[in-house]
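Asks: Quick one: this structure, given as structure tokens, is what I'll be asking you about.
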Amino acid sequence: MASAEDLSRRRALVSNLPHNVVIESCAAALRSSGYCLVSDLVDPNLLESLSDAGLTKFKRAHEVGLLQQVNAKDFWVRLLDEDMQSGMLPLENPFVAIALQPELVSVVAAAMGEVPRLDYVLLTLSLNTNKELSYSQLWHRDHDDTKVIKLFFYLTDVLSPEDGPFTFIPKQASDKLGFRLKSHLSDDQIDRWISKTAVTAMYGSRLSAFMVETSRCLHMGSRVAPGHERLLYTATYFSAPRLYPDPPPRFLLDGEESPLLRLLLTAKG
């Protein structure tokens with residue numbers, strides 16, 4: 001668990017991150033409503049690398065039969081597991097590098113008031129299974145930690161309900177439901193408490209990027225119609241100290257990282 005000194009360092013090092021009007025506007029939106037659009041903050045070179053790597057993964061998934069994999073969430077396939085080295089992803093991996101972009105980290109840090117932890121990154125290909133909705137297809141909050149902000153990139157176009165848009169309810173409306181540790185709820189259950197006008201579906205063309213505070217905003221997604229697929233990149237940040245015991249390291253460090261980067265990737269930096 002982080003000490004008072006660790007937390008003080010996290011708060012102090014926020015000033016080492018970039019700050020501008022766009023970053024402050026995004027952070028303010030996260031604090032007030034729980035979401036913001038961040039496409040304009042993304043480094044074009046990192047975006048190009050993410051795009052190329054995402055297309056490669058998408059094609060490979062179809063060519064080598066990864067779509068036949070079975071797991072608990074059988075409506076999606078995880079596509080980054082093959083990149084891991086001893087269970088960890090190297091920092092130069094494009095799916096890690098974009099989550100470390102200072103401008104994007106700065107939005108999260110400004111919203112939280114401290115340098116966050118990067119918990120994990122995912123690349124998931126959502127599919128139609130013609131099965132009953134389950135897991136994250138139902139309405140829920142994330143309980144990974146007390147504050148959880150997720151960065152999302154659409155790597156396929158998500159332009160209609162059939163594409164399975166990430167869908168959420170902003171903070172103020174989500175709060176009407178109160179706190180529930182077990183919050184996987186059906187549409188009918190949500191409709192009893194929250195107006196349909198509060199529901200926000202995130203539509204966007206390929207490479208659109210946004211952030212949502214998923215610990216506060218009820219959300220669901222991956223409701224993909226037959227004949228449609230959705231490729232989604234996710235990076236998850238949370239506030240220190242970690243609520244649960246640390247898992248095995250998820251990122252491969254070489255010992256040459258800056259103090260700020262180590263705080264972002266480890267418990268104590």
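Numbering starts fresh at 1 for the residues of each chain in the structure tokens, the chains themselves are lettered A, B, ... in the order given, and ligands are numbered from 1 as they appear.
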Go through stretch 31-68 of chain A residue by residue and, counting only C-alpha atoms, keep those with an atom at most 12 Å from stretch 147-157 of chain A; for each kept residue give the shortest atom pair and its distance in Å to one decimal, ordered by chain and increasing number, as a Markdown table.
Replies:
```
| residue | atom | partner | partner_atom | distance |
| --- | --- | --- | --- | --- |
| A:Arg31 | CA | A:Ile149 | CA | 10.6 |
| A:Gly34 | CA | A:Ile149 | CA | 8.6 |
| A:Tyr35 | CA | A:Ile149 | CA | 8.8 |
| A:Cys36 | CA | A:Leu151 | CA | 9.7 |
| A:Leu37 | CA | A:Leu151 | CA | 9.6 |
| A:Val38 | CA | A:Leu151 | CA | 8.8 |
| A:Ser39 | CA | A:Phe153 | CA | 8.7 |
| A:Val42 | CA | A:Phe153 | CA | 10.4 |
| A:Leu47 | CA | A:Phe153 | CA | 9.6 |
| A:Glu48 | CA | A:Leu155 | CA | 11.2 |
| A:Ser49 | CA | A:Leu155 | CA | 11.9 |
| A:Leu50 | CA | A:Leu155 | CA | 8.7 |
| A:Ser51 | CA | A:Leu155 | CA | 6.9 |
| A:Asp52 | CA | A:Leu155 | CA | 9.8 |
| A:Ala53 | CA | A:Leu155 | CA | 9.9 |
| A:Gly54 | CA | A:Leu155 | CA | 6.6 |
| A:Leu55 | CA | A:Leu155 | CA | 7.8 |
| A:Thr56 | CA | A:Leu155 | CA | 11.1 |
| A:Lys57 | CA | A:Leu155 | CA | 10.5 |
| A:Phe58 | CA | A:Leu155 | CA | 9.1 |
```
Asks: Which residues are close to A:Asn20, i.e. within 12 Å by only C-alpha atoms, leaving aside same-chain residues fewer than 6 positions away? Reply as a list in words.
Replies: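 With the cut-off at 12 Å, the set is Cys26, Ala27, Leu41, Pro102, Glu103, Leu104, Ser106, Val107 and Ala110 of chain A.
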Asks: Hey, what does DSSP flag as strand (DSSP E) within stretch 135-233 of chain A? Can you give it to me as a ChimeraX atom specification?
Replies: /A:148-154,167-168,200-201,209-213,219-220,230-233
Asks: Enumerate, as an NGL selection string, the complete set of residues in stretch 7-244 of chain A that a backbone-based DSSP assignment places in helix (DSSP H, G or I).
Replies: :A and (7-16 or 21-32 or 39-41 or 44-63 or 66-68 or 81-83 or 94-100 or 102-112 or 135-137 or 161-163 or 171-177 or 187-191 or 196-198)
Asks: Identify which of the residues A:Arg192, A:Leu218, A:Val96, A:Ala173 lies closest to A:Met84, counting only C-alpha atoms when measuring atom-to-atom distances.
Replies: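 Nearest to A:Met84: A:Val96.
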Asks: Looking at only C-alpha atoms, which of A:Thr167, A:Val115, A:Leu265, A:His140 is the one that sits closest to A:Ala12?
Replies: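 Checking each of A:Thr167, A:Val115, A:Leu265, A:His140 against A:Ala12, counting only C-alpha atoms, the winner is A:Val115.
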Asks: Using only C-alpha atoms, can you tell me which of A:Val77, A:Ser208, A:Val121, A:Cys217 comes closest to A:Asn93?
Replies: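 Among the listed residues, A:Val121 lies closest to A:Asn93.
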Asks: Between A:Gln101, A:Ser86, A:Ser258, A:Asn16, which residue has the minimum interatomic distance to A:Leu118, considering only C-alpha atoms?
Replies: A:Gln101
Asks: Residues near A:Ala267, anyone? I mean within 10 Å using only C-alpha atoms, not counting same-chain ones fewer than 2 positions away, as a PyMOL selection string.
Replies: chain A and resi 1-3+6+116-117+240-242+246+262-265+269
Asks: Deliver the residues from the most recent selection as a file, using all heavy atoms, as a short mmCIF file (atom, residue, chain, number, x, y, z; two decimals), in the first residue's frame.
Replies:
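Saved the output as part20.cif:
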```
data_model
loop_
_atom_site.label_atom_id
_atom_site.label_comp_id
_atom_site.auth_asym_id
_atom_site.auth_seq_id
_atom_site.Cartn_x
_atom_site.Cartn_y
_atom_site.Cartn_z
N MET A 1 0.84 -1.19 0.00
CA MET A 1 0.00 0.00 0.00
C MET A 1 0.88 1.24 0.00
O MET A 1 1.92 1.28 0.65
CB MET A 1 -0.92 0.00 1.23
CG MET A 1 -1.82 1.23 1.30
SD MET A 1 -3.00 1.14 2.67
CE MET A 1 -4.10 -0.12 2.05
N ALA A 2 0.44 2.27 -0.72
CA ALA A 2 1.23 3.49 -0.81
C ALA A 2 1.26 4.22 0.53
O ALA A 2 0.26 4.29 1.24
CB ALA A 2 0.65 4.41 -1.89
N SER A 3 2.42 4.77 0.87
CA SER A 3 2.56 5.54 2.10
C SER A 3 2.16 6.99 1.83
O SER A 3 1.92 7.39 0.69
CB SER A 3 4.01 5.49 2.57
OG SER A 3 4.84 6.16 1.63
N ASP A 6 4.52 8.42 -0.58
CA ASP A 6 4.24 8.03 -1.97
C ASP A 6 3.12 8.88 -2.56
O ASP A 6 3.21 9.36 -3.69
CB ASP A 6 3.83 6.55 -2.03
CG ASP A 6 4.96 5.63 -1.61
OD1 ASP A 6 6.12 5.96 -1.87
OD2 ASP A 6 4.66 4.58 -1.01
N PRO A 116 -1.67 8.78 -11.69
CA PRO A 116 -2.40 7.53 -11.49
C PRO A 116 -1.49 6.32 -11.68
O PRO A 116 -0.33 6.44 -12.04
CB PRO A 116 -3.47 7.58 -12.59
CG PRO A 116 -2.76 8.30 -13.71
CD PRO A 116 -1.89 9.34 -13.03
N ARG A 117 -2.04 5.14 -11.44
CA ARG A 117 -1.41 3.89 -11.85
C ARG A 117 -2.03 3.44 -13.16
O ARG A 117 -3.25 3.50 -13.33
CB ARG A 117 -1.65 2.80 -10.79
CG ARG A 117 -0.88 2.95 -9.52
CD ARG A 117 0.54 2.44 -9.58
NE ARG A 117 0.63 1.04 -9.99
CZ ARG A 117 0.49 0.01 -9.16
NH1 ARG A 117 0.21 0.22 -7.88
NH2 ARG A 117 0.61 -1.23 -9.61
N ALA A 240 -4.02 5.80 -6.53
CA ALA A 240 -3.25 5.11 -5.50
C ALA A 240 -3.79 5.49 -4.12
O ALA A 240 -4.34 6.58 -3.95
CB ALA A 240 -1.78 5.50 -5.62
N PRO A 241 -3.65 4.62 -3.11
CA PRO A 241 -3.07 3.29 -3.19
C PRO A 241 -4.05 2.29 -3.78
O PRO A 241 -5.26 2.52 -3.77
CB PRO A 241 -2.78 2.95 -1.72
CG PRO A 241 -3.86 3.68 -0.97
CD PRO A 241 -4.06 4.97 -1.73
N ARG A 242 -3.53 1.18 -4.26
CA ARG A 242 -4.39 0.16 -4.85
C ARG A 242 -5.31 -0.44 -3.79
O ARG A 242 -4.89 -0.73 -2.68
CB ARG A 242 -3.52 -0.94 -5.47
CG ARG A 242 -4.28 -1.92 -6.33
CD ARG A 242 -3.37 -3.03 -6.82
NE ARG A 242 -4.10 -3.86 -7.77
CZ ARG A 242 -4.06 -3.70 -9.08
NH1 ARG A 242 -3.31 -2.76 -9.60
NH2 ARG A 242 -4.76 -4.48 -9.88
N ASP A 246 -1.47 -6.08 -5.07
CA ASP A 246 -0.92 -5.96 -6.42
C ASP A 246 -0.84 -7.32 -7.10
O ASP A 246 -0.40 -8.29 -6.49
CB ASP A 246 0.47 -5.33 -6.39
CG ASP A 246 0.43 -3.82 -6.49
OD1 ASP A 246 -0.09 -3.33 -7.50
OD2 ASP A 246 0.88 -3.15 -5.55
N ARG A 262 7.86 5.50 -13.44
CA ARG A 262 7.82 4.40 -12.49
C ARG A 262 6.62 4.49 -11.56
O ARG A 262 6.01 3.49 -11.19
CB ARG A 262 9.13 4.33 -11.70
CG ARG A 262 10.32 3.87 -12.55
CD ARG A 262 11.54 3.55 -11.69
NE ARG A 262 11.29 2.38 -10.84
CZ ARG A 262 11.44 1.12 -11.26
NH1 ARG A 262 11.78 0.87 -12.50
NH2 ARG A 262 11.22 0.13 -10.42
N LEU A 263 6.26 5.73 -11.17
CA LEU A 263 5.04 5.88 -10.37
C LEU A 263 3.80 5.47 -11.14
O LEU A 263 2.87 4.92 -10.59
CB LEU A 263 4.89 7.34 -9.92
CG LEU A 263 5.65 7.79 -8.67
CD1 LEU A 263 5.36 9.25 -8.39
CD2 LEU A 263 5.27 6.95 -7.46
N LEU A 264 3.82 5.76 -12.43
CA LEU A 264 2.68 5.40 -13.27
C LEU A 264 2.53 3.89 -13.42
O LEU A 264 1.41 3.38 -13.53
CB LEU A 264 2.86 6.05 -14.66
CG LEU A 264 1.76 5.86 -15.70
CD1 LEU A 264 0.44 6.44 -15.20
CD2 LEU A 264 2.17 6.51 -17.01
N LEU A 265 3.65 3.17 -13.34
CA LEU A 265 3.64 1.74 -13.64
C LEU A 265 3.82 0.85 -12.42
O LEU A 265 3.61 -0.35 -12.51
CB LEU A 265 4.76 1.43 -14.65
CG LEU A 265 4.60 2.08 -16.02
CD1 LEU A 265 5.86 1.89 -16.84
CD2 LEU A 265 3.41 1.52 -16.76
N GLY A 269 7.12 3.55 -7.29
CA GLY A 269 8.03 4.29 -8.14
C GLY A 269 9.48 3.96 -7.89
O GLY A 269 9.81 3.05 -7.18
#
```
Asks: Of the candidates A:Glu114, A:Glu256, A:Asp142, A:Glu132, which one gets nearest to A:Arg11 if we count only C-alpha atoms?
Replies: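 Using only C-alpha atoms, A:Arg11 sits closest to A:Glu114.
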